[in-house]
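> Below is the file data.pdb, with PDB, C-alpha atoms, pLDDT in the B column.
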ATOM      1  CA  MET Z  17      66.658  64.007 163.874  1.00 66.00           C
ATOM      2  CA  ALA Z  18      66.299  67.456 165.433  1.00 83.00           C
ATOM      3  CA  ILE Z  19      62.524  67.410 164.994  1.00 83.00           C
ATOM      4  CA  GLU Z  20      62.239  64.056 166.789  1.00 83.00           C
ATOM      5  CA  THR Z  21      64.422  65.314 169.624  1.00 84.00           C
ATOM      6  CA  LEU Z  22      62.333  68.467 169.914  1.00 85.00           C
ATOM      7  CA  ALA Z  23      59.126  66.405 169.901  1.00 83.00           C
ATOM      8  CA  VAL Z  24      60.443  64.127 172.666  1.00 82.00           C
ATOM      9  CA  PHE Z  25      61.599  67.121 174.710  1.00 84.00           C
ATOM     10  CA  THR Z  26      58.216  68.815 174.285  1.00 87.00           C
ATOM     11  CA  ALA Z  27      56.323  65.668 175.249  1.00 83.00           C
ATOM     12  CA  LYS Z  28      58.472  65.227 178.360  1.00 84.00           C
ATOM     13  CA  LYS Z  29      57.913  68.881 179.282  1.00 83.00           C
ATOM     14  CA  ILE Z  30      54.138  68.497 178.932  1.00 83.00           C
ATOM     15  CA  VAL Z  31      54.136  65.364 181.093  1.00 79.00           C
ATOM     16  CA  VAL Z  32      56.340  66.963 183.746  1.00 81.00           C
ATOM     17  CA  ASP Z  33      54.210  70.123 183.804  1.00 85.00           C
ATOM     18  CA  ALA Z  34      50.929  68.211 183.917  1.00 83.00           C
ATOM     19  CA  ALA Z  35      51.954  65.568 186.462  1.00 83.00           C
ATOM     20  CA  PRO Z  36      51.437  67.733 189.589  1.00 86.00           C
ATOM     21  CA  ILE Z  37      48.032  68.870 188.328  1.00 86.00           C
ATOM     22  CA  VAL Z  38      46.917  65.310 187.590  1.00 85.00           C
ATOM     23  CA  ALA Z  39      48.295  64.035 190.896  1.00 87.00           C
ATOM     24  CA  THR Z  40      46.484  66.782 192.804  1.00 88.00           C
ATOM     25  CA  ALA Z  41      43.220  66.040 191.011  1.00 87.00           C
ATOM     26  CA  VAL Z  42      43.499  62.325 191.725  1.00 87.00           C
ATOM     27  CA  ALA Z  43      44.411  62.907 195.374  1.00 86.00           C
ATOM     28  CA  THR Z  44      41.505  65.317 195.781  1.00 87.00           C
ATOM     29  CA  THR Z  45      39.062  62.826 194.266  1.00 86.00           C
ATOM     30  CA  VAL Z  46      40.361  59.959 196.399  1.00 85.00           C
ATOM     31  CA  THR Z  47      40.214  62.097 199.545  1.00 85.00           C
ATOM     32  CA  LYS Z  48      36.649  63.163 198.741  1.00 85.00           C
ATOM     33  CA  GLU Z  49      35.618  59.537 198.239  1.00 83.00           C
ATOM     34  CA  ILE Z  50      37.249  58.535 201.524  1.00 81.00           C
ATOM     35  CA  ILE Z  51      35.424  61.329 203.356  1.00 82.00           C
ATOM     36  CA  ASP Z  52      32.114  60.468 201.655  1.00 84.00           C
ATOM     37  CA  HIS Z  53      32.456  56.810 202.625  1.00 82.00           C
ATOM     38  CA  SER Z  54      34.404  57.170 205.856  1.00 81.00           C
ATOM     39  CA  ASP Z  55      31.899  55.198 207.948  1.00 84.00           C
ATOM     40  CA  GLU Z  56      32.023  52.270 205.542  1.00 83.00           C
ATOM     41  CA  ILE Z  57      35.816  52.416 205.361  1.00 78.00           C
ATOM     42  CA  ALA Z  58      36.068  52.540 209.161  1.00 80.00           C
ATOM     43  CA  ASP Z  59      33.821  49.469 209.445  1.00 84.00           C
ATOM     44  CA  ILE Z  60      35.911  47.561 206.917  1.00 83.00           C
ATOM     45  CA  ALA Z  61      39.155  48.588 208.630  1.00 81.00           C
ATOM     46  CA  LYS Z  62      37.768  47.493 211.998  1.00 84.00           C
ATOM     47  CA  GLN Z  63      36.785  44.110 210.566  1.00 86.00           C
ATOM     48  CA  VAL Z  64      40.211  43.626 208.982  1.00 83.00           C
ATOM     49  CA  VAL Z  65      42.070  44.600 212.144  1.00 83.00           C
ATOM     50  CA  CYS Z  66      39.849  42.710 214.576  1.00 84.00           C
ATOM     51  CA  ALA Z  67      39.323  39.524 212.567  1.00 85.00           C
ATOM     52  CA  PRO Z  68      42.537  37.738 213.637  1.00 85.00           C
ATOM     53  CA  PHE Z  69      41.825  38.453 217.298  1.00 88.00           C
ATOM     54  CA  GLU Z  70      38.236  37.257 216.996  1.00 86.00           C
ATOM     55  CA  ILE Z  71      39.413  34.054 215.329  1.00 86.00           C
ATOM     56  CA  ALA Z  72      42.089  33.522 217.989  1.00 87.00           C
ATOM     57  CA  GLY Z  73      39.493  34.131 220.699  1.00 86.00           C
ATOM     58  CA  SER Z  74      37.156  31.584 219.155  1.00 88.00           C
ATOM     59  CA  ILE Z  75      39.939  29.012 218.982  1.00 87.00           C
ATOM     60  CA  LEU Z  76      40.912  29.634 222.613  1.00 85.00           C
ATOM     61  CA  ASP Z  77      37.251  29.415 223.684  1.00 86.00           C
ATOM     62  CA  THR Z  78      36.942  26.108 221.884  1.00 86.00           C
ATOM     63  CA  LEU Z  79      40.152  24.713 223.362  1.00 82.00           C
ATOM     64  CA  PHE Z  80      39.386  25.679 226.946  1.00 81.00           C
ATOM     65  CA  LYS Z  81      35.719  24.659 227.136  1.00 73.00           C
TER      66      LYS Z  81
END
Represent the supplied structure as structure tokens.

Amino acid sequence: MAIETLAVFTAKKIVVDAAPIVATAVATTVTKEIIDHSDEIADIAKQVVCAPFEIAGSILDTLFK
């Protein structure tokens, strides 16, 4: 029983110690990808944000012609 408890404690310690390193590595990679593709991401964001207004404008244009 003591060996299992020690193994669980050790595994938890490894995970807790490694979590900040893994999180930093993932965040760094994601940030790098965002920077590398920032123009594409900006275009997609603009399309997502503007789409409802463009659709509403088209509907209003159609209604008031």
> Kindly give the distance, in Å, that separates CA of Asp59 (chain Z) and CA of Ala39 (chain Z), rounded to a single decimal.
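That distance, rounded to one decimal, is 27.7 Å.
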> For CA of Thr40 (chain Z) and CA of Asp52 (chain Z), determine how far apart the two atoms are, in Å to one decimal place.
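About the pair CA of Thr40 (chain Z) and CA of Asp52 (chain Z): they are 18.0 Å apart.
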> Report, in Å to a single decimal, how far apart CA of Val42 (chain Z) and CA of Lys29 (chain Z) are.
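These atoms are spaced 20.1 Å apart.
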> Reconstruct N, CA, C and O atoms of region 56-78 of chain Z; output as a PDB file, keeping the file's coordinate frame.

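For reference, selection.pdb as written:
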ATOM      1  N   GLU Z  56      31.865  53.598 206.134  1.00 83.00           N
ATOM      2  CA  GLU Z  56      32.023  52.270 205.542  1.00 83.00           C
ATOM      3  C   GLU Z  56      33.480  51.827 205.616  1.00 83.00           C
ATOM      4  O   GLU Z  56      33.771  50.665 205.920  1.00 83.00           O
ATOM      5  N   ILE Z  57      34.390  52.742 205.324  1.00 78.00           N
ATOM      6  CA  ILE Z  57      35.816  52.416 205.361  1.00 78.00           C
ATOM      7  C   ILE Z  57      36.238  52.074 206.787  1.00 78.00           C
ATOM      8  O   ILE Z  57      37.003  51.133 207.012  1.00 78.00           O
ATOM      9  N   ALA Z  58      35.736  52.820 207.760  1.00 80.00           N
ATOM     10  CA  ALA Z  58      36.068  52.540 209.161  1.00 80.00           C
ATOM     11  C   ALA Z  58      35.566  51.159 209.566  1.00 80.00           C
ATOM     12  O   ALA Z  58      36.267  50.423 210.272  1.00 80.00           O
ATOM     13  N   ASP Z  59      34.358  50.799 209.128  1.00 84.00           N
ATOM     14  CA  ASP Z  59      33.821  49.469 209.445  1.00 84.00           C
ATOM     15  C   ASP Z  59      34.675  48.369 208.830  1.00 84.00           C
ATOM     16  O   ASP Z  59      34.967  47.357 209.477  1.00 84.00           O
ATOM     17  N   ILE Z  60      35.076  48.564 207.585  1.00 83.00           N
ATOM     18  CA  ILE Z  60      35.911  47.561 206.917  1.00 83.00           C
ATOM     19  C   ILE Z  60      37.265  47.460 207.613  1.00 83.00           C
ATOM     20  O   ILE Z  60      37.764  46.351 207.868  1.00 83.00           O
ATOM     21  N   ALA Z  61      37.860  48.597 207.947  1.00 81.00           N
ATOM     22  CA  ALA Z  61      39.155  48.588 208.630  1.00 81.00           C
ATOM     23  C   ALA Z  61      39.053  47.882 209.976  1.00 81.00           C
ATOM     24  O   ALA Z  61      39.930  47.101 210.353  1.00 81.00           O
ATOM     25  N   LYS Z  62      37.961  48.136 210.700  1.00 84.00           N
ATOM     26  CA  LYS Z  62      37.768  47.493 211.998  1.00 84.00           C
ATOM     27  C   LYS Z  62      37.663  45.980 211.822  1.00 84.00           C
ATOM     28  O   LYS Z  62      38.262  45.218 212.596  1.00 84.00           O
ATOM     29  N   GLN Z  63      36.920  45.543 210.812  1.00 86.00           N
ATOM     30  CA  GLN Z  63      36.785  44.110 210.566  1.00 86.00           C
ATOM     31  C   GLN Z  63      38.125  43.478 210.224  1.00 86.00           C
ATOM     32  O   GLN Z  63      38.457  42.394 210.711  1.00 86.00           O
ATOM     33  N   VAL Z  64      38.909  44.163 209.395  1.00 83.00           N
ATOM     34  CA  VAL Z  64      40.211  43.626 208.982  1.00 83.00           C
ATOM     35  C   VAL Z  64      41.152  43.539 210.176  1.00 83.00           C
ATOM     36  O   VAL Z  64      41.864  42.549 210.350  1.00 83.00           O
ATOM     37  N   VAL Z  65      41.158  44.572 211.005  1.00 83.00           N
ATOM     38  CA  VAL Z  65      42.070  44.600 212.144  1.00 83.00           C
ATOM     39  C   VAL Z  65      41.634  43.616 213.228  1.00 83.00           C
ATOM     40  O   VAL Z  65      42.464  42.933 213.831  1.00 83.00           O
ATOM     41  N   CYS Z  66      40.351  43.525 213.470  1.00 84.00           N
ATOM     42  CA  CYS Z  66      39.849  42.710 214.576  1.00 84.00           C
ATOM     43  C   CYS Z  66      39.698  41.233 214.228  1.00 84.00           C
ATOM     44  O   CYS Z  66      39.677  40.393 215.135  1.00 84.00           O
ATOM     45  N   ALA Z  67      39.591  40.905 212.976  1.00 85.00           N
ATOM     46  CA  ALA Z  67      39.323  39.524 212.567  1.00 85.00           C
ATOM     47  C   ALA Z  67      40.311  38.509 213.149  1.00 85.00           C
ATOM     48  O   ALA Z  67      39.875  37.490 213.704  1.00 85.00           O
ATOM     49  N   PRO Z  68      41.617  38.747 213.083  1.00 85.00           N
ATOM     50  CA  PRO Z  68      42.537  37.738 213.637  1.00 85.00           C
ATOM     51  C   PRO Z  68      42.335  37.512 215.136  1.00 85.00           C
ATOM     52  O   PRO Z  68      42.443  36.385 215.612  1.00 85.00           O
ATOM     53  N   PHE Z  69      42.028  38.577 215.856  1.00 88.00           N
ATOM     54  CA  PHE Z  69      41.825  38.453 217.298  1.00 88.00           C
ATOM     55  C   PHE Z  69      40.521  37.724 217.609  1.00 88.00           C
ATOM     56  O   PHE Z  69      40.457  36.929 218.552  1.00 88.00           O
ATOM     57  N   GLU Z  70      39.500  37.963 216.807  1.00 86.00           N
ATOM     58  CA  GLU Z  70      38.236  37.257 216.996  1.00 86.00           C
ATOM     59  C   GLU Z  70      38.410  35.766 216.708  1.00 86.00           C
ATOM     60  O   GLU Z  70      37.886  34.922 217.430  1.00 86.00           O
ATOM     61  N   ILE Z  71      39.163  35.461 215.663  1.00 86.00           N
ATOM     62  CA  ILE Z  71      39.413  34.054 215.329  1.00 86.00           C
ATOM     63  C   ILE Z  71      40.223  33.391 216.436  1.00 86.00           C
ATOM     64  O   ILE Z  71      39.897  32.280 216.875  1.00 86.00           O
ATOM     65  N   ALA Z  72      41.267  34.080 216.906  1.00 87.00           N
ATOM     66  CA  ALA Z  72      42.089  33.522 217.989  1.00 87.00           C
ATOM     67  C   ALA Z  72      41.247  33.319 219.242  1.00 87.00           C
ATOM     68  O   ALA Z  72      41.373  32.298 219.927  1.00 87.00           O
ATOM     69  N   GLY Z  73      40.375  34.267 219.541  1.00 86.00           N
ATOM     70  CA  GLY Z  73      39.493  34.131 220.699  1.00 86.00           C
ATOM     71  C   GLY Z  73      38.569  32.948 220.570  1.00 86.00           C
ATOM     72  O   GLY Z  73      38.352  32.202 221.535  1.00 86.00           O
ATOM     73  N   SER Z  74      38.032  32.734 219.384  1.00 88.00           N
ATOM     74  CA  SER Z  74      37.156  31.584 219.155  1.00 88.00           C
ATOM     75  C   SER Z  74      37.912  30.271 219.334  1.00 88.00           C
ATOM     76  O   SER Z  74      37.390  29.318 219.916  1.00 88.00           O
ATOM     77  N   ILE Z  75      39.137  30.225 218.826  1.00 87.00           N
ATOM     78  CA  ILE Z  75      39.939  29.012 218.982  1.00 87.00           C
ATOM     79  C   ILE Z  75      40.230  28.744 220.451  1.00 87.00           C
ATOM     80  O   ILE Z  75      40.098  27.621 220.936  1.00 87.00           O
ATOM     81  N   LEU Z  76      40.626  29.793 221.178  1.00 85.00           N
ATOM     82  CA  LEU Z  76      40.912  29.634 222.613  1.00 85.00           C
ATOM     83  C   LEU Z  76      39.652  29.215 223.373  1.00 85.00           C
ATOM     84  O   LEU Z  76      39.722  28.356 224.252  1.00 85.00           O
ATOM     85  N   ASP Z  77      38.507  29.805 223.037  1.00 86.00           N
ATOM     86  CA  ASP Z  77      37.251  29.415 223.684  1.00 86.00           C
ATOM     87  C   ASP Z  77      36.961  27.942 223.455  1.00 86.00           C
ATOM     88  O   ASP Z  77      36.534  27.224 224.352  1.00 86.00           O
ATOM     89  N   THR Z  78      37.195  27.508 222.224  1.00 86.00           N
ATOM     90  CA  THR Z  78      36.942  26.108 221.884  1.00 86.00           C
ATOM     91  C   THR Z  78      37.907  25.182 222.624  1.00 86.00           C
ATOM     92  O   THR Z  78      37.505  24.132 223.144  1.00 86.00           O
TER      93      THR Z  78
END
